[in-house]
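Student: If you scroll down you'll find the structure; I have some questions about it.
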Amino acid sequence: MRRVVGAAAILLAALGAGSACSKTSAPVSSDAGRGAEPAPAASSDGAHVLARVGDRTITVADFVAALQNMDEFDRVRFSAPARRRELLGEMIDVKLLADEARERGYDKDPIAEQETREILRDAVLRKARESAPTPNDVPAIEVQAYFDAHRADFHDPERRRVGAIVLASESAAASALAAALKASPSEWGELVRARSIDPQAKADVAIDLAGDLGFVSPPGDPQGANARIPDEIRAAAFEIAKVGEILARVVAAGRQFYVVKFEGRSEAHDRSLQDVERTIRVKLAQDKRQAAEAALLDDLRKQYPVSLDEAALAQVKVTLPDAGRE
């Protein structure tokens, strides 16, 4: 509450409502004329009424909460008094329309009820997450324990940079391979530009980078794939013994044929705790937040037992749009 009252005092000062000589503030009226009345004398209390809408009120605390719910950029926009008056007008409109919706029974609509439940769900889950630590709050001993138990996750295998001449036929690839095995690095680049059908072969890059497909890790490493390098080429790259060498056979992948070159290497290494500490902290904080949410739901399911009618669920028909309809 201390945070709200403090912000409310600042807001009142900004509104000019904190003057000792002012007994009342100007009334805030709505276009619909639903009983807007003059607000009482200003005070530093968040309960001070800024506007009355019928028998409902908008207090300083309500207004401050609306501001605090915005991101910083939007909040700056309301530093001008006219813009704050605009926001208050929008809040009045929301109350008027919400009351009218209730009078018309819109709040009983199944979709409206479901959306309301989702809003309330999110509010409860936000409260549950407040008990979970932030990444910075996770104890160092837990970070160290996770690192020790998952060292394999922080091992980066060797990665190889692959170059290739891509051909449309096996005979063209065999001819290119024969020339490539005798070529110097610059001659390799000229071969790529002259013969490769890869769209990027003609890119405006240094001659020694012509045909570069990027890095890839050994086959089977899920984090080391490269969309430009088919699995067959990925495996072939790790058959080559030394950096700068060309595989002495043509490799087929899909409907294309490749002359494969081992262009460079990033050695395998283990990341240190310092390298991955932030990553671990974020993961552990997320795990704790999810655990808090799961514990809340478990408690609620114990308080309110849930039963399902699987047979009725199986009979529910889902109407799909007609794929042929325009």
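Ligands are numbered from 1 in the order shown, residues from 1 within each chain, and chains are lettered A, B, ... in the order they appear in the structure tokens.
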May I have the residues within 8 Å of Ala235 (chain A) as a list of chain:residue names, using only C-alpha atoms and disregarding those fewer than 4 positions away in the same chain?
Tutor: A:Pro218, A:Pro219, A:Asp231, A:Glu239
Student: For C-alpha atoms, I'd like the residues from the last selection saved as an mmCIF file, in the first residue's frame.
Tutor:
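To be explicit, this is the file written out as result-v5.cif:
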```cif
data_model
loop_
_atom_site.group_PDB
_atom_site.id
_atom_site.type_symbol
_atom_site.label_atom_id
_atom_site.label_comp_id
_atom_site.auth_asym_id
_atom_site.auth_seq_id
_atom_site.Cartn_x
_atom_site.Cartn_y
_atom_site.Cartn_z
ATOM 1 C CA PRO A 218 28.953 -33.645 -36.066
ATOM 2 C CA PRO A 219 25.932 -35.686 -37.210
ATOM 3 C CA ASP A 231 22.668 -34.359 -43.652
ATOM 4 C CA GLU A 239 35.192 -37.602 -43.124
#
```
Student: I'd like the neighbourhood of Arg255 (chain A) as a PDB file with C-alpha atoms, in the first residue's frame, where a residue qualifies if any of its atoms comes within 10 Å (using only C-alpha atoms), though same-chain residues fewer than 6 positions away should be ignored.
Tutor:
```
ATOM      1  CA  LEU A 167      26.089 -29.346 -59.437  1.00  0.00           C
ATOM      2  CA  ALA A 168      22.960 -30.577 -61.137  1.00  0.00           C
ATOM      3  CA  SER A 169      24.454 -33.854 -62.444  1.00  0.00           C
ATOM      4  CA  GLU A 170      26.916 -36.448 -61.221  1.00  0.00           C
TER       5      GLU A 170
END
```
Student: Just give me the gap between CA of Ala312 (chain A) and CA of Asp107 (chain A) in Å, one decimal is fine.
Tutor: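 One can read the CA of Ala312 (chain A) to CA of Asp107 (chain A) distance as 26.9 Å.
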Student: Return as a PyMOL selection string the full set of residues in region 30-208 of chain A whose backbone-based DSSP assignment is strand (DSSP E or B).
Tutor: chain A and resi 49-53+56-59+155-156+159-167
Student: Quick one: which region 223-291 of chain A residues come within 7 Å of region 123-146 of chain A, and what is the nearest atom pair for each with the distance in Å to one decimal, counting only C-alpha atoms, rows ordered by chain and ascending number, as a tab-separated table?
Tutor:
```
residue	atom	partner	partner_atom	distance
A:Glu277	CA	A:Val143	CA	7.0
A:Ile280	CA	A:Val143	CA	6.3
A:Arg281	CA	A:Pro135	CA	4.7
A:Val282	CA	A:Pro135	CA	5.0
A:Ala285	CA	A:Pro135	CA	5.2
A:Lys288	CA	A:Ala132	CA	5.7
A:Arg289	CA	A:Ala132	CA	5.2
```
Student: Just the residues within 12 Å of region 98-101 of chain A, please, counting only C-alpha atoms, with nothing from its chain fewer than 4 positions along; format it as a list of chain:residue names.
Tutor: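 In the requested format, the answer is A:Ala32, A:Arg34, A:Val53, A:Gly54, A:Asp55, A:Arg56, A:Met91, A:Ile92, A:Asp93, A:Val94, A:Gly105, A:Tyr106, A:Asp107, A:Lys108, A:Asp109, A:Ala112.
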Student: Given the selection you just returned, output its residues as a file containing N, CA and C atoms, formatted as an mmCIF file, in the first residue's frame.
Tutor:
```cif
data_model
loop_
_atom_site.group_PDB
_atom_site.id
_atom_site.type_symbol
_atom_site.label_atom_id
_atom_site.label_comp_id
_atom_site.auth_asym_id
_atom_site.auth_seq_id
_atom_site.Cartn_x
_atom_site.Cartn_y
_atom_site.Cartn_z
ATOM 1 N N ALA A 32 -22.513 10.807 -20.915
ATOM 2 C CA ALA A 32 -23.779 10.109 -20.695
ATOM 3 C C ALA A 32 -24.542 10.691 -19.523
ATOM 4 N N ARG A 34 -24.216 10.265 -16.179
ATOM 5 C CA ARG A 34 -24.675 9.315 -15.173
ATOM 6 C C ARG A 34 -24.224 9.719 -13.770
ATOM 7 N N VAL A 53 -19.049 7.771 -11.310
ATOM 8 C CA VAL A 53 -19.790 7.304 -12.471
ATOM 9 C C VAL A 53 -20.994 6.539 -11.928
ATOM 10 N N GLY A 54 -22.170 7.217 -11.863
ATOM 11 C CA GLY A 54 -23.303 6.609 -11.191
ATOM 12 C C GLY A 54 -22.958 6.409 -9.726
ATOM 13 N N ASP A 55 -23.119 5.191 -9.238
ATOM 14 C CA ASP A 55 -22.768 4.920 -7.840
ATOM 15 C C ASP A 55 -21.376 4.318 -7.722
ATOM 16 N N ARG A 56 -20.603 4.380 -8.798
ATOM 17 C CA ARG A 56 -19.239 3.871 -8.780
ATOM 18 C C ARG A 56 -18.250 5.028 -8.768
ATOM 19 N N MET A 91 -11.177 5.783 -18.763
ATOM 20 C CA MET A 91 -11.570 4.925 -17.649
ATOM 21 C C MET A 91 -13.062 5.083 -17.344
ATOM 22 N N ILE A 92 -13.550 6.308 -17.469
ATOM 23 C CA ILE A 92 -14.988 6.540 -17.271
ATOM 24 C C ILE A 92 -15.788 5.799 -18.336
ATOM 25 N N ASP A 93 -15.328 5.894 -19.590
ATOM 26 C CA ASP A 93 -16.027 5.195 -20.676
ATOM 27 C C ASP A 93 -16.070 3.691 -20.419
ATOM 28 N N VAL A 94 -14.961 3.136 -19.927
ATOM 29 C CA VAL A 94 -14.920 1.705 -19.645
ATOM 30 C C VAL A 94 -15.975 1.341 -18.616
ATOM 31 N N GLY A 105 -26.980 -7.982 -20.192
ATOM 32 C CA GLY A 105 -26.734 -9.403 -20.005
ATOM 33 C C GLY A 105 -25.551 -9.946 -20.783
ATOM 34 N N TYR A 106 -24.714 -9.035 -21.330
ATOM 35 C CA TYR A 106 -23.577 -9.511 -22.108
ATOM 36 C C TYR A 106 -22.573 -10.275 -21.249
ATOM 37 N N ASP A 107 -22.552 -9.965 -19.950
ATOM 38 C CA ASP A 107 -21.597 -10.644 -19.077
ATOM 39 C C ASP A 107 -21.955 -12.119 -18.888
ATOM 40 N N LYS A 108 -23.169 -12.512 -19.278
ATOM 41 C CA LYS A 108 -23.579 -13.919 -19.175
ATOM 42 C C LYS A 108 -23.297 -14.698 -20.458
ATOM 43 N N ASP A 109 -22.807 -14.004 -21.486
ATOM 44 C CA ASP A 109 -22.454 -14.685 -22.731
ATOM 45 C C ASP A 109 -21.314 -15.659 -22.457
ATOM 46 N N ALA A 112 -17.857 -14.253 -23.194
ATOM 47 C CA ALA A 112 -17.472 -13.218 -22.237
ATOM 48 C C ALA A 112 -17.088 -13.841 -20.893
#
```
Student: Please provide as an MDAnalysis selection string all residues within 10 Å of Arg249 (chain A), with the sequence filter that same-chain residues fewer than 3 positions apart are discarded (counting only C-alpha atoms).
Tutor: chainID A and resid 173:174 177:178 236 246 252 258:260
Student: Write out as a VMD selection string the set of residues from region 17-199 of chain A that DSSP, computed on the backbone, places in helix (DSSP H, G or I).
Tutor: chain A and resid 60 to 68 72 to 77 81 to 103 106 to 108 110 to 130 135 to 137 140 to 149 151 to 154 170 to 180 185 to 195 199
Student: Give me the residues within 10 Å of Ala152 (chain A) as a list in words, counting only C-alpha atoms and dropping any in the same chain fewer than 5 places off.
Tutor: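 Contacts, with the query itself left out: Phe147, Asp270 and Arg271 of chain A.
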Student: Calculate how many Å separate CA of Ala253 (chain A) from CA of His155 (chain A), rounding to one decimal.
Tutor: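 That distance, rounded to one decimal, is 29.5 Å.
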Student: CA of Ala227 (chain A) to CA of Val162 (chain A): how many Å, to one decimal?
Tutor: 12.5 Å
